[in-house]
>>> print(open('target_17.txt').read())   # compact mmCIF, C-alpha atoms and all ligand atoms
# COMPACT_ATOMS: atom_id res chain seq x y z
CA MET W 246 -2.91 8.63 -25.02
CA ARG W 247 -4.28 7.62 -21.61
CA PRO W 248 -2.03 5.99 -19.00
CA GLU W 249 -3.40 3.22 -16.77
CA PRO W 250 -4.47 4.54 -13.34
CA PHE W 251 -1.48 4.98 -11.04
CA ALA W 252 -2.21 2.10 -8.64
CA LEU W 253 -0.09 3.37 -5.74
CA GLU W 254 -1.35 6.95 -5.93
CA ARG W 255 -5.01 5.81 -6.17
CA TYR W 256 -4.47 3.71 -3.04
CA PHE W 257 -2.88 6.66 -1.23
CA ALA W 258 -5.78 8.89 -2.27
CA GLN W 259 -8.09 6.41 -0.57
CA TYR W 260 -6.32 6.07 2.78
CA GLU W 261 -3.46 8.53 3.31
CA PHE W 262 -5.54 11.32 4.79
CA THR W 263 -8.07 9.19 6.65
CA ALA W 264 -5.97 6.44 8.26
CA PRO W 265 -4.58 7.75 11.56
CA TYR W 266 -1.40 5.64 11.42
CA LEU W 267 0.87 5.31 8.40
CA LEU W 268 3.44 2.59 7.78
CA ALA W 269 3.01 3.27 4.09
CA SER W 270 4.66 6.62 3.43
CA SER W 271 7.86 7.01 1.49
CA ASP W 272 8.68 10.54 2.64
CA CYS W 273 10.04 12.03 5.84
CA ASP W 274 7.48 14.04 7.84
CA GLY W 275 6.59 17.36 6.26
CA LEU W 276 8.52 20.19 7.92
CA PRO W 277 6.50 22.83 9.74
CA MET W 278 6.36 26.06 7.75
CA ALA W 279 7.43 28.08 10.81
CA GLU W 280 10.63 26.04 11.08
CA VAL W 281 11.48 26.55 7.42
CA LEU W 282 10.89 30.30 7.57
CA ALA W 283 12.95 30.58 10.76
CA ALA W 284 15.89 28.99 8.92
CA ALA W 285 15.87 31.61 6.13
CA ASP W 286 19.12 33.51 5.62
CA ASP W 287 18.95 37.25 4.83
CA GLU W 288 18.66 36.71 1.09
CA CYS W 289 15.83 34.17 1.44
CA ALA W 290 14.04 36.28 4.05
CA ALA W 291 14.07 39.21 1.60
CA LEU W 292 12.89 37.00 -1.27
CA TRP W 293 10.03 35.77 0.91
CA HIS W 294 9.10 39.22 2.13
CA ASP W 295 9.10 40.79 -1.33
CA LEU W 296 7.49 37.85 -3.11
CA THR W 297 4.63 38.51 -5.51
CA LEU W 298 2.24 35.72 -6.43
CA ALA W 299 2.94 36.01 -10.12
CA TYR W 300 4.06 33.43 -12.68
CA THR W 301 7.67 32.43 -12.19
CA GLU W 302 10.49 31.59 -14.61
CA SER W 303 9.66 28.32 -16.35
CA LEU W 304 13.08 26.77 -15.73
CA GLY W 305 12.98 27.79 -12.05
CA LEU W 306 14.07 30.60 -9.73
CA PRO W 307 17.70 31.39 -10.66
CA GLN W 308 18.93 31.23 -7.04
CA LEU W 309 17.20 27.87 -6.63
CA ARG W 310 18.79 26.46 -9.79
CA ALA W 311 22.19 27.66 -8.56
CA GLU W 312 21.65 25.98 -5.18
CA ILE W 313 20.61 22.74 -6.88
CA ALA W 314 23.66 22.82 -9.17
CA ARG W 315 25.86 22.83 -6.04
CA LEU W 316 24.57 19.34 -5.21
CA TYR W 317 26.43 18.01 -8.28
CA ASP W 318 30.15 17.86 -9.04
CA THR W 319 29.88 19.10 -12.60
CA ALA W 320 26.55 20.90 -13.04
CA GLU W 321 26.04 24.58 -13.74
CA PRO W 322 22.80 26.41 -12.85
CA ASP W 323 21.84 26.31 -16.53
CA ASP W 324 21.89 22.50 -16.43
CA VAL W 325 18.95 22.45 -14.00
CA LEU W 326 15.25 22.42 -14.82
CA THR W 327 12.73 22.54 -11.96
CA GLY W 328 9.19 21.18 -11.65
CA ALA W 329 7.25 18.69 -9.54
CA PRO W 330 9.15 15.35 -9.57
CA GLN W 331 6.19 13.39 -10.92
CA GLU W 332 5.62 16.05 -13.58
CA LEU W 333 9.26 15.88 -14.61
CA ILE W 334 9.10 12.12 -15.16
CA PHE W 335 6.10 12.67 -17.40
CA VAL W 336 7.50 15.55 -19.47
CA ALA W 337 10.91 13.89 -19.85
CA MET W 338 9.39 10.67 -21.21
CA ILE W 339 7.04 12.57 -23.51
CA ALA W 340 9.94 14.65 -24.82
CA LEU W 341 12.40 11.80 -25.34
CA LEU W 342 10.40 8.76 -26.44
CA SER W 343 8.43 7.72 -29.52
CA PRO W 344 6.15 4.73 -30.19
CA GLY W 345 8.17 1.57 -30.79
CA ASP W 346 11.25 2.73 -28.87
CA HIS W 347 12.92 0.15 -26.66
CA VAL W 348 13.26 1.15 -23.01
CA VAL W 349 14.79 -0.70 -20.05
CA CYS W 350 13.42 0.12 -16.59
CA THR W 351 14.23 -1.13 -13.10
CA PHE W 352 11.25 -3.14 -11.86
CA PRO W 353 9.42 -3.14 -9.48
CA ALA W 354 9.24 0.62 -9.82
CA TYR W 355 7.37 3.78 -9.05
CA GLN W 356 4.75 3.29 -11.74
CA SER W 357 5.29 6.38 -13.89
CA LEU W 358 8.90 5.35 -14.52
CA HIS W 359 7.68 2.63 -16.89
CA GLN W 360 3.99 3.48 -17.38
CA VAL W 361 4.49 6.68 -19.38
CA ALA W 362 6.82 4.88 -21.80
CA GLU W 363 4.34 2.00 -22.13
CA THR W 364 1.52 4.45 -22.81
CA ILE W 365 3.55 6.14 -25.52
CA GLY W 366 3.83 2.72 -27.16
CA CYS W 367 7.39 1.86 -26.21
CA GLU W 368 8.53 -1.68 -25.56
CA VAL W 369 9.70 -1.80 -21.95
CA THR W 370 12.04 -4.52 -20.68
CA ARG W 371 12.17 -4.94 -16.91
CA TRP W 372 15.52 -5.00 -15.13
CA MET W 373 14.65 -6.87 -11.93
CA PRO W 374 16.77 -6.96 -8.77
CA ARG W 375 17.81 -10.34 -7.39
CA GLU W 376 15.86 -10.97 -4.21
CA ARG W 377 18.20 -13.75 -3.04
CA GLU W 378 21.11 -11.30 -3.21
CA ALA W 379 19.41 -8.64 -1.03
CA TRP W 380 17.69 -7.14 -4.08
CA ARG W 381 20.94 -6.60 -5.92
CA LEU W 382 20.51 -4.72 -9.22
CA HIS W 383 23.04 -6.86 -11.03
CA PRO W 384 24.88 -5.18 -13.93
CA ALA W 385 24.87 -8.51 -15.82
CA ASP W 386 21.07 -8.50 -15.71
CA LEU W 387 21.02 -4.99 -17.15
CA GLU W 388 23.36 -6.13 -19.91
CA ALA W 389 20.94 -8.96 -20.72
CA CYS W 390 18.07 -6.44 -21.02
CA LEU W 391 19.91 -4.17 -23.47
CA ARG W 392 19.32 -4.33 -27.22
CA PRO W 393 21.18 -2.49 -29.95
CA ASP W 394 18.11 -0.26 -30.40
CA THR W 395 17.58 0.51 -26.68
CA ARG W 396 16.94 4.25 -26.45
CA LEU W 397 16.44 4.90 -22.77
CA ILE W 398 17.54 3.17 -19.56
CA VAL W 399 15.45 4.17 -16.55
CA VAL W 400 17.03 3.41 -13.20
CA ASN W 401 15.89 4.25 -9.68
CA VAL W 402 18.63 4.24 -7.04
CA PRO W 403 18.29 4.19 -4.06
CA HIS W 404 15.46 1.91 -5.07
CA ASN W 405 11.79 2.24 -4.21
CA PRO W 406 10.30 -0.19 -3.09
CA THR W 407 13.22 -2.45 -2.03
CA GLY W 408 15.57 0.05 -0.35
CA ALA W 409 18.40 -1.47 -2.40
CA LEU W 410 21.45 0.55 -3.33
CA PRO W 411 24.11 -0.74 -5.73
CA SER W 412 27.66 -1.00 -4.44
CA HIS W 413 30.15 1.48 -5.92
CA ALA W 414 31.61 -1.34 -8.04
CA ASP W 415 28.19 -2.32 -9.43
CA TRP W 416 27.34 1.30 -10.13
CA ARG W 417 30.62 1.76 -12.01
CA ALA W 418 29.76 -1.33 -14.04
CA VAL W 419 26.27 0.01 -14.76
CA THR W 420 27.43 3.47 -15.81
CA SER W 421 30.17 2.08 -18.01
CA LEU W 422 27.70 -0.33 -19.66
CA VAL W 423 25.37 2.58 -20.36
CA SER W 424 28.19 4.79 -21.66
CA THR W 425 29.48 2.07 -23.97
CA HIS W 426 26.01 1.28 -25.25
CA GLY W 427 25.11 4.91 -25.93
CA ALA W 428 21.47 4.77 -24.76
CA ARG W 429 20.35 7.68 -22.65
CA LEU W 430 20.22 7.18 -18.86
CA PHE W 431 17.34 8.58 -16.80
CA CYS W 432 18.22 8.10 -13.14
CA ASP W 433 15.60 8.69 -10.46
CA GLU W 434 17.65 9.75 -7.43
CA MET W 435 14.74 10.92 -5.25
CA TYR W 436 16.13 9.04 -2.22
CA ARG W 437 19.79 9.96 -2.75
CA GLY W 438 21.28 11.50 0.38
CA LEU W 439 19.66 9.10 2.85
CA GLU W 440 22.25 6.31 2.63
CA LEU W 441 22.67 4.64 6.02
CA ASP W 442 26.42 4.80 5.49
CA PRO W 443 27.15 8.14 3.77
CA GLY W 444 30.18 6.46 2.16
CA ASP W 445 27.74 4.38 0.11
CA ARG W 446 26.33 7.45 -1.67
CA LEU W 447 26.68 6.93 -5.40
CA PRO W 448 27.81 9.63 -7.79
CA ALA W 449 24.84 11.26 -9.50
CA ALA W 450 24.21 9.92 -13.00
CA ALA W 451 24.35 13.43 -14.50
CA ASP W 452 27.91 13.77 -13.14
CA VAL W 453 29.29 10.53 -14.52
CA VAL W 454 27.45 9.63 -17.73
CA GLU W 455 27.37 11.93 -20.72
CA GLY W 456 23.85 13.09 -21.53
CA ALA W 457 22.38 11.39 -18.45
CA ILE W 458 19.42 12.90 -16.63
CA SER W 459 19.28 12.91 -12.84
CA LEU W 460 15.93 13.40 -11.13
CA SER W 461 15.70 14.54 -7.54
CA GLY W 462 13.55 16.75 -5.35
CA MET W 463 12.46 18.05 -1.97
CA SER W 464 9.85 15.37 -1.20
CA LYS W 465 11.68 12.49 0.40
CA VAL W 466 14.98 13.24 2.10
CA TYR W 467 14.24 16.91 2.89
CA GLY W 468 10.69 16.39 4.20
CA MET W 469 9.25 19.07 1.93
CA ALA W 470 6.92 17.14 -0.40
CA GLY W 471 4.32 19.89 -0.05
CA THR W 472 6.50 22.31 -1.97
CA ARG W 473 6.11 20.03 -5.04
CA ILE W 474 9.59 21.11 -6.08
CA GLY W 475 11.95 18.76 -7.83
CA TRP W 476 14.49 19.05 -10.59
CA LEU W 477 16.19 17.41 -13.51
CA THR W 478 19.89 17.91 -13.94
CA VAL W 479 20.99 17.39 -17.54
CA ARG W 480 24.26 18.70 -18.91
CA ASP W 481 23.05 18.39 -22.49
CA GLU W 482 21.35 21.58 -23.64
CA GLU W 483 19.39 20.05 -26.49
CA THR W 484 17.82 17.44 -24.20
CA ARG W 485 17.06 20.00 -21.55
CA SER W 486 15.32 22.33 -24.01
CA ARG W 487 13.21 19.51 -25.43
CA ILE W 488 12.03 18.55 -21.94
CA ALA W 489 11.51 22.18 -20.89
CA ALA W 490 9.28 22.77 -23.93
CA MET W 491 6.92 19.99 -22.73
CA LYS W 492 6.49 21.72 -19.36
CA ASP W 493 4.53 24.41 -21.19
CA TYR W 494 1.74 21.82 -21.36
CA THR W 495 1.80 20.93 -17.66
CA ALA W 496 2.43 23.45 -14.84
CA ILE W 497 4.45 25.88 -17.05
CA CYS W 498 6.31 27.08 -13.96
CA SER W 499 6.55 26.30 -10.27
CA SER W 500 4.66 27.97 -7.43
CA ALA W 501 6.43 31.16 -6.35
CA PRO W 502 6.28 30.53 -2.56
CA SER W 503 7.41 26.94 -3.05
CA GLU W 504 10.53 28.01 -4.88
CA VAL W 505 11.66 30.20 -2.00
CA LEU W 506 10.79 27.54 0.59
CA ALA W 507 12.77 24.95 -1.39
CA LEU W 508 15.73 27.32 -1.55
CA ILE W 509 15.66 27.72 2.23
CA GLY W 510 15.38 23.93 2.60
CA LEU W 511 18.35 23.27 0.36
CA ARG W 512 20.47 25.82 2.18
CA SER W 513 19.69 23.91 5.40
CA GLY W 514 20.09 20.63 3.51
CA PRO W 515 22.98 18.99 5.40
CA ALA W 516 21.33 19.60 8.79
CA LEU W 517 17.96 18.34 7.57
CA ILE W 518 19.47 15.23 6.05
CA ALA W 519 21.53 14.50 9.18
CA ARG W 520 18.35 14.72 11.26
CA HIS W 521 16.47 12.44 8.91
CA ARG W 522 19.31 9.93 8.76
CA ALA W 523 19.36 9.71 12.57
CA ARG W 524 15.60 9.10 12.54
CA VAL W 525 15.90 6.43 9.89
CA GLU W 526 18.63 4.66 11.89
CA ARG W 527 16.47 4.69 15.02
CA ASN W 528 13.47 3.43 13.07
CA LEU W 529 15.45 0.64 11.44
CA ALA W 530 16.61 -0.52 14.88
CA ALA W 531 12.92 -0.75 15.86
CA LEU W 532 12.22 -2.69 12.66
CA ASP W 533 15.15 -5.06 13.35
CA ALA W 534 13.61 -5.95 16.69
CA PHE W 535 10.10 -6.22 15.22
CA PHE W 536 11.18 -8.57 12.42
CA ASP W 537 13.13 -10.67 14.95
CA ARG W 538 10.03 -11.08 17.08
CA ARG W 539 7.76 -11.88 14.12
CA ALA W 540 10.19 -14.01 12.12
CA ASP W 541 7.47 -16.70 12.12
CA LEU W 542 5.28 -14.45 9.93
CA LEU W 543 7.51 -12.06 7.99
CA SER W 544 10.95 -11.85 6.45
CA TRP W 545 12.65 -8.69 5.18
CA VAL W 546 15.76 -7.39 3.52
CA ARG W 547 17.30 -4.59 5.56
CA PRO W 548 17.55 -1.57 3.26
CA ARG W 549 20.81 0.30 2.59
CA ALA W 550 19.30 3.68 1.79
CA GLY W 551 16.13 5.71 1.51
CA THR W 552 12.94 5.45 3.52
CA VAL W 553 11.29 2.27 2.22
CA CYS W 554 11.91 -1.46 2.30
CA LEU W 555 10.12 -4.67 1.40
CA ALA W 556 8.93 -7.37 3.76
CA ARG W 557 7.42 -10.68 2.73
CA LEU W 558 4.80 -12.96 4.27
CA ARG W 559 6.39 -16.36 4.77
CA ASP W 560 3.14 -18.29 4.32
CA GLU W 561 2.25 -18.16 0.63
CA ALA W 562 -1.36 -18.97 1.47
CA LEU W 563 -1.69 -15.57 3.18
CA SER W 564 -2.49 -12.36 1.29
CA VAL W 565 -0.86 -8.99 1.96
CA GLU W 566 -3.80 -7.21 0.34
CA ALA W 567 -6.13 -8.89 2.87
CA LEU W 568 -3.76 -8.03 5.71
CA ALA W 569 -3.54 -4.39 4.59
CA LEU W 570 -7.32 -4.07 4.37
CA LYS W 571 -7.83 -5.60 7.81
CA SER W 572 -5.06 -3.43 9.24
CA VAL W 573 -6.46 -0.15 7.92
CA GLU W 574 -10.08 -1.00 8.73
CA GLU W 575 -9.59 -2.53 12.17
CA ALA W 576 -6.49 -0.79 13.48
CA GLY W 577 -6.34 2.39 11.37
CA ILE W 578 -2.85 1.47 10.15
CA MET W 579 -2.18 2.04 6.46
CA LEU W 580 0.22 -0.40 4.76
CA THR W 581 1.35 -0.60 1.13
CA PRO W 582 0.75 -3.97 -0.57
CA GLY W 583 3.48 -4.92 -3.04
CA THR W 584 0.79 -5.63 -5.65
CA LEU W 585 0.62 -1.85 -6.15
CA PHE W 586 4.13 -2.19 -7.61
CA GLY W 587 3.24 -5.20 -9.74
CA LEU W 588 4.70 -7.68 -7.22
CA ASP W 589 2.88 -10.79 -6.07
CA ASP W 590 0.60 -10.65 -3.06
CA SER W 591 3.19 -11.77 -0.51
CA TYR W 592 5.12 -8.46 -0.41
CA LEU W 593 4.58 -5.48 1.81
CA ARG W 594 6.35 -2.12 1.49
CA ILE W 595 7.15 -0.40 4.76
CA GLY W 596 8.04 3.28 4.99
CA PHE W 597 10.32 4.26 7.87
CA GLY W 598 10.91 7.99 7.40
CA ARG W 599 8.31 9.15 9.91
CA GLU W 600 8.96 10.30 13.46
CA ASN W 601 6.13 8.21 14.95
CA LEU W 602 7.27 4.90 13.41
CA PRO W 603 8.12 3.24 16.77
CA THR W 604 4.63 3.88 18.18
CA VAL W 605 2.85 2.91 14.95
CA LEU W 606 4.97 -0.24 14.79
CA GLU W 607 3.93 -1.11 18.35
CA ARG W 608 0.26 -0.80 17.37
CA PHE W 609 0.89 -2.85 14.24
CA GLU W 610 2.52 -5.57 16.30
CA GLU W 611 -0.48 -5.63 18.64
CA PHE W 612 -2.79 -5.88 15.64
CA LEU W 613 -0.71 -8.72 14.20
CA ALA W 614 -0.63 -10.54 17.54
CA ALA W 615 -4.44 -10.69 17.46
CA ALA W 616 -4.96 -11.27 13.73
CA TYR W 617 -1.96 -13.52 13.07
CA PRO W 618 -0.91 -14.94 16.49
CA PRO W 619 2.75 -15.99 16.81
CA ARG W 620 3.31 -19.67 16.16
C1 LIG M 701 11.07 6.73 -6.95
C2 LIG M 701 10.15 7.90 -6.97
N1 LIG M 701 10.25 8.77 -7.98
C3 LIG M 701 9.45 9.85 -8.07
C4 LIG M 701 8.49 10.09 -7.12
C5 LIG M 701 7.59 11.29 -7.28
O1 LIG M 701 7.89 12.26 -6.33
P1 LIG M 701 6.81 13.36 -5.98
O2 LIG M 701 5.71 12.63 -5.28
O3 LIG M 701 7.49 14.32 -5.09
O4 LIG M 701 6.33 13.98 -7.25
C6 LIG M 701 8.33 9.19 -6.05
C7 LIG M 701 7.29 9.40 -5.03
O5 LIG M 701 6.94 8.53 -4.27
C8 LIG M 701 9.19 8.07 -5.98
O6 LIG M 701 9.11 7.18 -4.98
>>> encode(input="target_17.txt", output="structure tokens", more="lines below")
Ligand SMILES: Cc1ncc(COP(=O)(O)O)c(C=O)c1O
Amino acid sequence: MRPEPFALERYFAQYEFTAPYLLASSDCDGLPMAEVLAAADDECAALWHDLTLAYTESLGLPQLRAEIARLYDTAEPDDVLTGAPQELIFVAMIALLSPGDHVVCTFPAYQSLHQVAETIGCEVTRWMPREREAWRLHPADLEACLRPDTRLIVVNVPHNPTGALPSHADWRAVTSLVSTHGARLFCDEMYRGLELDPGDRLPAAADVVEGAISLSGMSKVYGMAGTRIGWLTVRDEETRSRIAAMKDYTAICSSAPSEVLALIGLRSGPALIARHRARVERNLAALDAFFDRRADLLSWVRPRAGTVCLARLRDEALSVEALALKSVEEAGIMLTPGTLFGLDDSYLRIGFGRENLPTVLERFEEFLAAAYPPR
């Protein structure tokens, strides 16, 4: 079993740490360690001070699992399994799927969400959002993808790369479809919490669908990707144990310092998320103005949540891959071509979770003015 190379991650490996300006990232800026440690309450400060660099509990630090459970309406600490988010996608798919299984997955998608299933030998049907309806993930389209033998439905909301977020009514329709069908739901909720209107936040899948698995983590909305801490919340013990057993073949357990840092981050969660939401709002205002000025070249769908959105080159004769190469080589600005998500070469993903977005955007606009002068 050998998955195809992860196109997006290979591209990031090439440019992320050499390009001085990033319009490509999907996370909020990494928090300074000093800030995290300064936010520790007495319990966390003691945990940090007394920490030994030993193996940790495979399911996760008990206090961390308890803190994670509080993010859900119905979860108990025992319902939580920690690990790196990417690792958890891998072990969950390995644990739950067999060759020949039918899987439905939102597409375009973060590659592992469908690639691991494809590598196992599953048949994957793509549930695609409707671009003309602001990338709406239409429940009727999901229904059309389902088969009587569908085993797993993989959904990513808020959605990377479009920034789409189903309405409450659509989400109710989706969860009731899944419940009636009986297939298992794996819901990647890595960007949950950064809805532009907090009233739009959807209930977590694990809270509303029996046996559903919710994936989330510290990387995106908390700005703590470097901890490599994420979690699965699954209220079904049998499923959780099967997935946990696969982790023995990957990291076994999480890094001890990371667990304590993640605990501190989660205990400061509302303040961190409020700060990041304010940044995202400011950055989207800058993007509004940018896309107004360059409406001759690019169109976009304003996202409803998360830290990424898609733009599109209006002229089909132009290539985003060529633009991205020119941009990184000549202006040091890293972009993410949509082809890395399996889209055609007219799409561009823009990340807007970083503090320096307004200045990077200014540079990008200068670069565009020279390379693609306004018409
Ligand atoms: C939708 C989605 N799921 C999962 C992940 C994996 O998260 P991590 O990089 O923290 O392992 C990402 C990262 O970009 C993502 O965008």
>>> residues_near_ligand(input="target_17.txt", ligand="ligand LIG 701 (chain M)", cutoff="6 Å", atoms="only C-alpha atoms and all ligand atoms", output="list of chain:residue names")
W:Ala329, W:Pro330, W:Gln331, W:Tyr355, W:Asn405, W:Asp433, W:Met435, W:Ser464, W:Ala470, W:Arg473
>>> closest_atom_pairs(input="target_17.txt", of="region 502-590 of chain W", to="region 356-367 of chain W", cutoff="9 Å", atoms="all atoms listed in the file", output="CSV")
residue,atom,partner,partner_atom,distance
W:Leu585,CA,W:Gln356,CA,8.6
W:Phe586,CA,W:Gln356,CA,6.9
W:Gly587,CA,W:Gln356,CA,8.9
>>> residues_around(input="target_17.txt", residues="region 566-583 of chain W", least_positions_apart="4", cutoff="7 Å", atoms="only C-alpha atoms", output="mmCIF file with C-alpha atoms, in the frame of the given file")
data_model
loop_
_atom_site.group_PDB
_atom_site.id
_atom_site.type_symbol
_atom_site.label_atom_id
_atom_site.label_comp_id
_atom_site.auth_asym_id
_atom_site.auth_seq_id
_atom_site.Cartn_x
_atom_site.Cartn_y
_atom_site.Cartn_z
ATOM 1 C CA TYR W 260 -6.320 6.070 2.780
ATOM 2 C CA ALA W 264 -5.970 6.440 8.260
ATOM 3 C CA PRO W 265 -4.580 7.750 11.560
ATOM 4 C CA TYR W 266 -1.400 5.640 11.420
ATOM 5 C CA LEU W 267 0.870 5.310 8.400
ATOM 6 C CA LEU W 268 3.440 2.590 7.780
ATOM 7 C CA ALA W 269 3.010 3.270 4.090
ATOM 8 C CA GLY W 587 3.240 -5.200 -9.740
ATOM 9 C CA LEU W 588 4.700 -7.680 -7.220
ATOM 10 C CA ASP W 589 2.880 -10.790 -6.070
ATOM 11 C CA ASP W 590 0.600 -10.650 -3.060
ATOM 12 C CA TYR W 592 5.120 -8.460 -0.410
ATOM 13 C CA LEU W 593 4.580 -5.480 1.810
ATOM 14 C CA ARG W 594 6.350 -2.120 1.490
ATOM 15 C CA ILE W 595 7.150 -0.400 4.760
ATOM 16 C CA PHE W 612 -2.790 -5.880 15.640
#
>>> atom_distance(input="target_17.txt", atom1="CA of Arg539 (chain W)", atom2="CA of Ala616 (chain W)")
12.7 Å
>>> residues_around(input="target_17.txt", residues="region 454-456 of chain W", least_positions_apart="5", cutoff="8 Å", atoms="only C-alpha atoms", output="PyMOL selection string")
chain W and resi 420+423-424+429-430+479-481+484
>>> atom_distance(input="target_17.txt", atom1="CA of Glu280 (chain W)", atom2="CA of Thr472 (chain W)")
14.2 Å
>>> residues_around(input="target_17.txt", residues="region 500-506 of chain W", least_positions_apart="4", cutoff="8 Å", atoms="all atoms listed in the file", output="list in words")
Val281, Leu282, Cys289, Leu292, Trp293, Leu296, Thr297, Leu298, Ala299, Tyr300, Thr301, Gly305, Leu306, Leu309, Thr472, Arg473, Ile474 and Gly510 of chain W
>>> residues_near_point(input="target_17.txt", point="(30.2, 23.1, -15.5)", cutoff="12 Å", atoms="all atoms listed in the file", output="PDB file with C-alpha atoms, keeping the file's coordinate frame")
ATOM      1  CA  ALA W 311      22.190  27.660  -8.560  1.00  0.00           C
ATOM      2  CA  ALA W 314      23.660  22.820  -9.170  1.00  0.00           C
ATOM      3  CA  ARG W 315      25.860  22.830  -6.040  1.00  0.00           C
ATOM      4  CA  TYR W 317      26.430  18.010  -8.280  1.00  0.00           C
ATOM      5  CA  ASP W 318      30.150  17.860  -9.040  1.00  0.00           C
ATOM      6  CA  THR W 319      29.880  19.100 -12.600  1.00  0.00           C
ATOM      7  CA  ALA W 320      26.550  20.900 -13.040  1.00  0.00           C
ATOM      8  CA  GLU W 321      26.040  24.580 -13.740  1.00  0.00           C
ATOM      9  CA  PRO W 322      22.800  26.410 -12.850  1.00  0.00           C
ATOM     10  CA  ASP W 323      21.840  26.310 -16.530  1.00  0.00           C
ATOM     11  CA  ASP W 324      21.890  22.500 -16.430  1.00  0.00           C
ATOM     12  CA  VAL W 325      18.950  22.450 -14.000  1.00  0.00           C
ATOM     13  CA  ALA W 451      24.350  13.430 -14.500  1.00  0.00           C
ATOM     14  CA  ASP W 452      27.910  13.770 -13.140  1.00  0.00           C
ATOM     15  CA  THR W 478      19.890  17.910 -13.940  1.00  0.00           C
ATOM     16  CA  VAL W 479      20.990  17.390 -17.540  1.00  0.00           C
ATOM     17  CA  ARG W 480      24.260  18.700 -18.910  1.00  0.00           C
ATOM     18  CA  ASP W 481      23.050  18.390 -22.490  1.00  0.00           C
TER      19      ASP W 481
END
>>> residues_around(input="target_17.txt", residues="Trp416 (chain W)", least_positions_apart="4", cutoff="10 Å", atoms="all atoms listed in the file", output="number ranges by chain")
W: 382-384, 402, 410-412, 420-422, 447-448, 450
>>> write_last_selection(input="target_17.txt", atoms="C-alpha atoms", output="compact mmCIF listing (two decimals), in the coordinates of the input")
# COMPACT_ATOMS: atom_id res chain seq x y z
CA LEU W 382 20.51 -4.72 -9.22
CA HIS W 383 23.04 -6.86 -11.03
CA PRO W 384 24.88 -5.18 -13.93
CA VAL W 402 18.63 4.24 -7.04
CA LEU W 410 21.45 0.55 -3.33
CA PRO W 411 24.11 -0.74 -5.73
CA SER W 412 27.66 -1.00 -4.44
CA THR W 420 27.43 3.47 -15.81
CA SER W 421 30.17 2.08 -18.01
CA LEU W 422 27.70 -0.33 -19.66
CA LEU W 447 26.68 6.93 -5.40
CA PRO W 448 27.81 9.63 -7.79
CA ALA W 450 24.21 9.92 -13.00
>>> closest_residue(input="target_17.txt", among="W:Ala379, W:Ile398, W:Ala489, W:Leu304", to="His347 (chain W)", atoms="only C-alpha atoms")
W:Ile398
>>> atom_distance(input="target_17.txt", atom1="CA of Asp541 (chain W)", atom2="CA of Ala556 (chain W)")
12.6 Å
>>> closest_residue(input="target_17.txt", among="W:Leu543, W:Cys432, W:Ile339, W:Ala550", to="Leu613 (chain W)", atoms="all atoms listed in the file")
W:Leu543
>>> residues_around(input="target_17.txt", residues="Arg559 (chain W)", least_positions_apart="4", cutoff="9 Å", atoms="all atoms listed in the file", output="list of chain:residue names")
W:Ala540, W:Asp541, W:Leu542, W:Leu543, W:Ser544, W:Leu563, W:Ser591
>>> closest_residue(input="target_17.txt", among="W:Ala523, W:Val369, W:Ile509, W:Ala418", to="Cys273 (chain W)", atoms="only C-alpha atoms")
W:Ala523
>>> closest_residue(input="target_17.txt", among="W:Arg549, W:Arg487, W:His426, W:Arg599", to="Pro443 (chain W)", atoms="all atoms listed in the file")
W:Arg549
>>> closest_residue(input="target_17.txt", among="W:Thr425, W:Asn528, W:Ser303, W:Thr395", to="Gly328 (chain W)", atoms="all atoms listed in the file")
W:Ser303
>>> closest_residue(input="target_17.txt", among="W:Leu333, W:Glu312, W:Arg446, W:Phe431", to="Cys498 (chain W)", atoms="only C-alpha atoms")
W:Leu333
